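Note: the block below is upload-v5.txt and it holds compact mmCIF, C-alpha atoms.
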# COMPACT_ATOMS: atom_id res chain seq x y z
CA MET A 730 -19.35 -7.80 4.87
CA ASN A 731 -18.12 -4.55 6.41
CA VAL A 732 -14.51 -3.85 5.38
CA GLN A 733 -13.15 -2.70 8.76
CA PHE A 734 -14.76 -5.63 10.50
CA LYS A 735 -13.26 -8.06 8.02
CA LYS A 736 -9.81 -6.54 8.52
CA GLY A 737 -9.83 -7.23 12.23
CA VAL A 738 -10.97 -10.80 11.66
CA LEU A 739 -8.32 -11.27 8.97
CA GLU A 740 -5.62 -10.50 11.51
CA LEU A 741 -7.01 -13.17 13.81
CA CYS A 742 -7.20 -15.71 10.95
CA VAL A 743 -3.57 -15.17 9.95
CA LEU A 744 -2.37 -15.56 13.54
CA VAL A 745 -4.43 -18.72 14.05
CA LEU A 746 -3.07 -20.28 10.86
CA LEU A 747 0.50 -19.74 12.05
CA ASP A 748 -0.08 -21.14 15.52
CA LYS A 749 0.75 -24.75 14.64
CA GLN A 750 3.20 -24.35 11.76
CA ASP A 751 5.14 -21.85 9.67
CA ARG A 752 3.52 -20.96 6.38
CA TYR A 753 4.34 -18.86 3.32
CA GLY A 754 2.30 -15.91 2.11
CA TYR A 755 0.54 -17.61 -0.79
CA GLU A 756 -0.49 -20.50 1.43
CA LEU A 757 -1.96 -18.15 4.05
CA VAL A 758 -3.87 -16.25 1.39
CA GLN A 759 -5.32 -19.46 -0.10
CA LYS A 760 -6.30 -20.93 3.26
CA ILE A 761 -8.25 -17.81 4.14
CA SER A 762 -9.79 -17.14 0.73
CA ASP A 763 -11.04 -20.75 0.60
CA ARG A 764 -13.37 -19.89 3.46
CA ILE A 765 -13.84 -16.13 3.42
CA GLU A 766 -14.29 -13.82 0.47
CA ILE A 767 -11.40 -11.33 0.57
CA SER A 768 -9.26 -9.23 -1.72
CA GLU A 769 -6.23 -11.46 -1.57
CA GLY A 770 -3.82 -8.55 -2.02
CA THR A 771 -4.76 -7.04 1.33
CA VAL A 772 -3.24 -9.95 3.24
CA TYR A 773 0.31 -8.87 2.38
CA PRO A 774 0.14 -5.37 3.93
CA LEU A 775 -1.28 -7.06 7.01
CA LEU A 776 1.60 -9.54 7.10
CA ARG A 777 4.10 -6.69 6.81
CA ARG A 778 2.49 -4.77 9.63
CA LEU A 779 2.35 -7.75 11.96
CA THR A 780 5.98 -8.55 11.14
CA LYS A 781 7.02 -5.01 11.98
CA GLU A 782 5.10 -5.24 15.23
CA GLU A 783 7.26 -8.29 16.00
CA TYR A 784 4.42 -10.77 16.03
CA PHE A 785 6.16 -12.70 13.22
CA THR A 786 9.64 -13.32 12.00
CA THR A 787 10.29 -14.34 8.40
CA TYR A 788 12.79 -16.51 6.60
CA LEU A 789 13.33 -17.53 3.00
CA LYS A 790 13.26 -21.19 2.07
CA GLU A 791 14.11 -22.76 -1.26
CA SER A 792 11.25 -24.57 -2.94
CA THR A 793 11.48 -27.60 -5.22
CA GLU A 794 9.36 -25.77 -7.78
CA GLY A 795 9.74 -22.09 -8.55
CA PRO A 796 11.41 -19.32 -6.54
CA SER A 797 12.22 -19.41 -2.82
CA ARG A 798 9.31 -18.71 -0.50
CA LYS A 799 9.04 -16.30 2.41
CA TYR A 800 7.85 -18.19 5.48
CA TYR A 801 6.27 -16.57 8.52
CA THR A 802 6.88 -17.78 12.08
CA LEU A 803 4.83 -16.73 15.07
CA THR A 804 6.94 -15.19 17.86
CA ALA A 805 6.20 -15.53 21.60
CA LYS A 806 4.82 -12.00 21.48
CA GLY A 807 2.64 -12.98 18.53
CA ARG A 808 1.32 -16.01 20.39
CA ASP A 809 0.35 -13.86 23.38
CA TYR A 810 -1.44 -11.51 21.03
CA LEU A 811 -3.18 -14.44 19.35
CA HIS A 812 -4.50 -15.73 22.67
CA GLN A 813 -5.76 -12.30 23.56
CA LEU A 814 -7.52 -11.92 20.19
CA VAL A 815 -9.08 -15.38 20.41
CA GLN A 816 -10.40 -14.53 23.84
CA GLU A 817 -11.85 -11.26 22.59
CA TRP A 818 -13.35 -13.01 19.58
CA ARG A 819 -15.07 -15.64 21.75
CA THR A 820 -16.58 -13.06 24.07
CA PHE A 821 -17.68 -10.96 21.12
CA SER A 822 -19.15 -13.75 19.00
CA GLU A 823 -20.97 -15.32 21.95
CA ALA A 824 -22.58 -11.98 22.71
CA VAL A 825 -23.62 -11.49 19.08
CA ASN A 826 -24.97 -15.05 18.86
CA LEU A 827 -27.02 -14.49 21.97
CA LEU A 828 -28.43 -11.26 20.60
CA ILE A 829 -29.32 -12.98 17.34
CA LYS A 830 -30.96 -15.84 19.18
CA GLU A 831 -33.02 -13.52 21.34
CA GLY A 832 -33.90 -11.43 18.33
CA VAL A 833 -35.04 -14.43 16.28
CA ALA A 834 -36.95 -15.98 19.19
CA SER A 835 -38.98 -12.86 19.88
CA GLU A 836 -40.13 -12.47 16.29
CA MET B 941 -4.99 -6.51 -16.34
CA ASN B 942 -1.95 -8.81 -16.42
CA LYS B 943 0.89 -9.32 -13.94
CA LYS B 944 3.09 -6.61 -15.40
CA GLN B 945 0.34 -3.98 -15.33
CA PHE B 946 -0.63 -4.93 -11.78
CA LEU B 947 2.93 -4.65 -10.50
CA GLN B 948 3.43 -1.36 -12.33
CA ARG B 949 0.32 0.16 -10.79
CA LEU B 950 1.29 -1.08 -7.35
CA GLU B 951 4.78 0.37 -7.73
CA GLN B 952 3.27 3.65 -8.87
CA SER B 953 1.13 3.86 -5.72
CA LEU B 954 4.14 3.07 -3.52
CA LYS B 955 6.51 5.63 -4.97
CA LYS B 956 6.57 7.61 -1.74
CA LEU B 957 8.25 4.71 0.05
CA PRO B 958 12.05 4.20 0.19
CA ALA B 959 13.29 2.09 -2.72
CA GLU B 960 14.32 -0.82 -0.51
CA GLU B 961 10.94 -1.06 1.20
CA ARG B 962 9.17 -0.86 -2.15
CA ARG B 963 11.31 -3.62 -3.63
CA ASP B 964 10.55 -5.79 -0.65
CA ILE B 965 6.80 -5.31 -1.04
CA LEU B 966 6.84 -5.95 -4.77
CA ALA B 967 8.87 -9.13 -4.17
CA ASP B 968 6.01 -10.48 -2.02
CA TYR B 969 3.59 -10.06 -4.92
CA GLU B 970 6.02 -11.46 -7.45
CA GLU B 971 6.34 -14.54 -5.26
CA HIS B 972 2.55 -14.73 -5.11
CA PHE B 973 2.32 -14.65 -8.90
CA ALA B 974 5.09 -17.22 -9.34
CA ILE B 975 3.48 -19.74 -6.99
CA GLY B 976 -0.01 -19.13 -8.36
CA MET B 977 1.16 -19.66 -11.93
CA SER B 978 3.10 -22.80 -10.99
CA GLU B 979 -0.24 -24.10 -9.70
CA GLY B 980 -1.79 -23.49 -13.08
CA GLN B 981 -3.56 -20.19 -12.50
CA THR B 982 -3.55 -17.52 -15.18
CA GLU B 983 -2.13 -14.05 -14.57
CA GLU B 984 -5.57 -12.53 -15.04
CA ASN B 985 -7.16 -14.81 -12.45
CA ILE B 986 -4.50 -14.00 -9.89
CA VAL B 987 -4.79 -10.27 -10.52
CA GLU B 988 -8.54 -10.43 -10.12
CA ALA B 989 -8.29 -12.27 -6.81
CA LEU B 990 -5.65 -9.88 -5.47
CA GLY B 991 -7.88 -6.85 -5.93
CA ASN B 992 -7.21 -3.22 -6.75
CA PRO B 993 -3.46 -2.37 -6.70
CA GLY B 994 -4.21 1.25 -5.79
CA GLN B 995 -6.14 0.12 -2.72
CA ILE B 996 -3.38 -2.29 -1.74
CA GLY B 997 -0.86 0.53 -2.10
CA LYS B 998 -2.91 2.78 0.15
CA GLU B 999 -3.12 0.17 2.89
CA THR B 1000 0.59 -0.51 2.68
CA LEU B 1001 1.41 3.20 2.94
CA ALA B 1002 -0.83 3.68 5.95
CA SER B 1003 0.73 0.86 7.92
CA TYR B 1004 4.21 2.02 6.91
CA HIS B 1005 3.73 5.50 8.35
CA LEU B 1006 2.28 4.13 11.55
CA GLU B 1007 5.33 1.99 12.16
CA LYS B 1008 7.94 4.54 11.17
CA VAL B 1009 8.57 6.12 14.56
CA GLY B 1010 8.71 2.75 16.25
CA THR B 1011 11.34 1.27 13.94
CA THR B 1012 13.67 3.97 12.63
CA VAL B 1013 15.09 6.33 15.19
CA THR B 1014 16.14 9.69 13.78
CA THR B 1015 16.16 13.08 15.42
CA GLY B 1016 13.42 14.30 13.09
CA ASN B 1017 11.23 11.36 13.96
CA ILE B 1018 11.73 11.79 17.68
CA MET B 1019 11.02 15.51 17.52
CA ARG B 1020 7.85 14.83 15.54
CA ALA B 1021 6.81 12.22 18.06
CA VAL B 1022 7.57 14.61 20.93
CA TRP B 1023 5.42 17.32 19.37
CA ALA B 1024 2.69 14.82 18.60
CA VAL B 1025 2.55 13.72 22.22
CA ILE B 1026 2.73 17.30 23.49
CA GLY B 1027 -0.20 18.04 21.20
CA LEU B 1028 -2.23 15.62 23.28
CA GLY B 1029 -2.61 18.16 26.04
CA PHE B 1030 -1.14 21.12 27.83
CA PHE B 1031 -0.56 18.90 30.85
CA ASN B 1032 2.09 17.18 28.79
CA LEU B 1033 4.04 20.34 28.14
CA VAL B 1034 5.49 19.93 31.61
CA VAL B 1035 5.45 16.16 31.83
CA VAL B 1036 7.10 15.51 28.47
CA LEU B 1037 9.06 18.64 27.60
CA GLY B 1038 10.56 18.97 31.10
CA PRO B 1039 12.26 15.58 31.30
CA PHE B 1040 13.18 15.81 27.63
CA ILE B 1041 15.08 19.09 28.09
CA GLY B 1042 16.62 17.91 31.36
CA LEU B 1043 17.82 14.55 30.08
CA SER B 1044 19.01 15.82 26.72
CA SER B 1045 21.07 18.52 28.49
CA ILE B 1046 22.76 15.79 30.50
CA VAL B 1047 23.50 13.86 27.32
CA VAL B 1048 24.86 16.96 25.59
CA ALA B 1049 26.97 17.86 28.64
CA GLY B 1050 28.40 14.32 28.79
CA TRP B 1051 29.42 14.49 25.15
CA ALA B 1052 30.96 17.93 25.66
CA VAL B 1053 33.12 16.65 28.53
CA GLY B 1054 34.22 13.59 26.53
CA VAL B 1055 35.15 15.61 23.47
CA ALA B 1056 36.91 18.31 25.51
CA PHE B 1057 39.02 15.69 27.30
CA ILE B 1058 39.98 14.05 24.02
CA ALA B 1059 41.00 17.44 22.66
CA SER B 1060 43.07 18.41 25.73
CA PRO B 1061 46.49 17.44 24.23
CA LEU B 1062 45.79 20.01 21.54
CA LEU B 1063 45.65 22.68 24.23
CA VAL B 1064 49.11 21.70 25.46
CA LEU B 1065 50.41 21.91 21.89
CA ALA B 1066 48.80 25.32 21.49
CA ASP B 1067 50.32 26.45 24.76
CA VAL B 1068 53.77 25.32 23.62
CA ALA B 1069 53.33 27.01 20.27
CA ILE B 1070 52.36 30.34 21.83
CA SER B 1071 54.96 30.42 24.62
CA PRO B 1072 57.60 27.68 24.19
CA THR B 1073 59.33 28.60 27.47
CA THR B 1074 56.45 27.48 29.70
CA PHE B 1075 56.46 23.79 28.67
CA HIS B 1076 55.77 21.50 31.64
CA TRP B 1077 55.92 17.71 31.60
CA PHE B 1078 53.07 17.66 34.10
CA GLN B 1079 50.74 19.38 31.65
CA CYS B 1080 51.77 17.00 28.92
CA PHE B 1081 51.04 13.85 30.97
CA ALA B 1082 47.86 15.23 32.44
CA ALA B 1083 46.61 15.97 28.94
CA ILE B 1084 47.39 12.46 27.71
CA ALA B 1085 45.61 10.96 30.71
CA LEU B 1086 42.59 13.18 30.14
CA CYS B 1087 42.58 12.23 26.49
CA GLY B 1088 42.35 8.55 27.41
CA LEU B 1089 39.63 9.28 29.94
CA GLY B 1090 37.83 11.27 27.25
CA PHE B 1091 37.68 8.21 25.00
CA PHE B 1092 36.12 6.16 27.77
CA ILE B 1093 33.59 8.86 28.52
CA SER B 1094 32.67 9.15 24.83
CA ILE B 1095 32.16 5.41 24.52
CA GLY B 1096 30.06 5.50 27.67
CA MET B 1097 28.03 8.35 26.22
CA LEU B 1098 27.40 6.37 23.07
CA PHE B 1099 25.60 3.74 25.12
CA THR B 1100 23.91 6.31 27.33
CA THR B 1101 22.55 8.14 24.29
CA LYS B 1102 21.17 4.93 22.83
CA ALA B 1103 19.57 3.91 26.10
CA PHE B 1104 18.17 7.39 26.57
CA THR B 1105 16.64 7.41 23.09
CA LYS B 1106 15.03 4.02 23.61
CA GLY B 1107 13.78 4.80 27.07
CA PHE B 1108 12.33 8.09 26.01
CA ILE B 1109 10.42 6.60 23.10
CA ARG B 1110 8.95 4.08 25.50
CA TYR B 1111 8.02 6.90 27.84
CA LEU B 1112 6.33 8.74 24.98
CA ASN B 1113 4.31 5.69 24.04
CA TYR B 1114 3.30 5.14 27.63
CA ASN B 1115 2.40 8.79 27.92
CA ALA B 1116 0.33 8.76 24.75
CA SER B 1117 -1.65 5.76 25.95
CA LEU B 1118 -2.12 7.38 29.35
CA VAL B 1119 -3.49 10.59 27.90
CA LYS B 1120 -5.74 8.79 25.44
CA GLY B 1121 -7.19 6.87 28.37
CA GLY B 1122 -5.53 3.54 27.70
CA MET B 1123 -5.10 1.74 24.39
CA LYS B 1124 -8.50 0.85 23.12
CA ARG B 1125 -8.50 -2.08 20.77
CA GLU B 1126 -11.02 -2.20 18.00
CA VAL B 1127 -12.87 -5.41 17.47
Can I see the file as structure tokens?
Amino acid sequence: MNVQFKKGVLELCVLVLLDKQDRYGYELVQKISDRIEISEGTVYPLLRRLTKEEYFTTYLKESTEGPSRKYYTLTAKGRDYLHQLVQEWRTFSEAVNLLIKEGVASE
Amino acid sequence: MNKKQFLQRLEQSLKKLPAEERRDILADYEEHFAIGMSEGQTEENIVEALGNPGQIGKETLASYHLEKVGTTVTTGNIMRAVWAVIGLGFFNLVVVLGPFIGLSSIVVAGWAVGVAFIASPLLVLADVAISPTTFHWFQCFAAIALCGLGFFISIGMLFTTKAFTKGFIRYLNYNASLVKGGMKREV
């Protein structure tokens, strides 16, 4: 899939995953890469950028196994942004689906 | 490639960043390795899934530079941002440079008054040193009062300067989006 396109979608995926609960980086990466083929390393720059844009805050939490983990929490600003992106995604994907349907039907 | 080589290459590609930022980024990947390995993955598997460290470095650098003006406020940064926005059009020369010169003169003038007031007792001392016969209590008290007032003005200016800086950056952002014809979001 096109790299730029995937990047935009990745942002949406990360925001969606944090909507219900806080998660740590590794968990986010696994959840996404289970479904979509990505270079896992590119999720971290994205997380940093979204944190700097104040869509997330982070905190460290001790873990029973291994080192402490950096958790990400969605801020109110992040939630607004999420809703906006979801809206855009729905409009966009519906339009593409329609085009595909029309395209397939006419063949 | 193993964990050590991956982290070394990533660090290499991030060497333009401040040490603290770089350490922070590397810590994210070290955490990733630690959790992955505690779940039974091998270093090689994790490295392969992460992708090319050079590419990761490039993406990190790009997003870092984009955010710089928004997060750290230094004179150099602001000037660069001012010039960047002016570069958007000649129209802006008036709209941006005008208020900038006007407001910064006010800030400079405020500071000058504050500092001069604080320094006023020194003038009395100088006066006494040059011509000891002309010492007046009135001058002495007036200078002390002005000195106190000067401190208040300086403290006030500290807040004014901060507010001015913040407000102006916001204005620049607004201006940039205006000139570009609104922020267009890519899908």
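The space separating CA of Pro993 in chain B from CA of Gly770 in chain A comes to 7.8 Å.
Counting only C-alpha atoms, every residue of chain B that comes within 6 Å of chain A is listed here: His972, Ala989, Leu990, Gly991, Ile996 and Thr1000 of chain B.
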Show which residues sit within 10 Å of Leu950 in chain B, as a PyMOL selection string. Count all atoms listed in the file, and ignore same-chain residues fewer than 6 positions away. chain B and resi 944+962+965-966+969+992-998
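Atom pair CA of Arg963 in chain B / CA of Ala805 in chain A has a distance of 28.4 Å (rounded to one decimal).
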Enclose range 818-835 of chain A, meaning all of its atoms listed in the file, in a box aligned along x, y and z, pad it by 5 Å on each side, and list the centre and edge lengths in Å to one decimal, as JSON.
{"center_x": -26.2, "center_y": -13.5, "center_z": 20.2, "size_x": 35.6, "size_y": 15.0, "size_z": 17.8}
Measuring between only C-alpha atoms, which one of B:Gly1042, B:Phe1078, B:Val1034, B:Cys1087 shows the shortest distance to Ala1059 in chain B? B:Cys1087
Can you tell me which residues surround Gln750 in chain A at a distance of at most 10 Å, considering all atoms listed in the file, apart from same-chain residues fewer than 3 positions away, and format the answer as a ChimeraX atom specification? /A:745-747,800-803
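Distance-wise, CA of Val1055 in chain B and CA of Ser1094 in chain B end up 7.1 Å apart.
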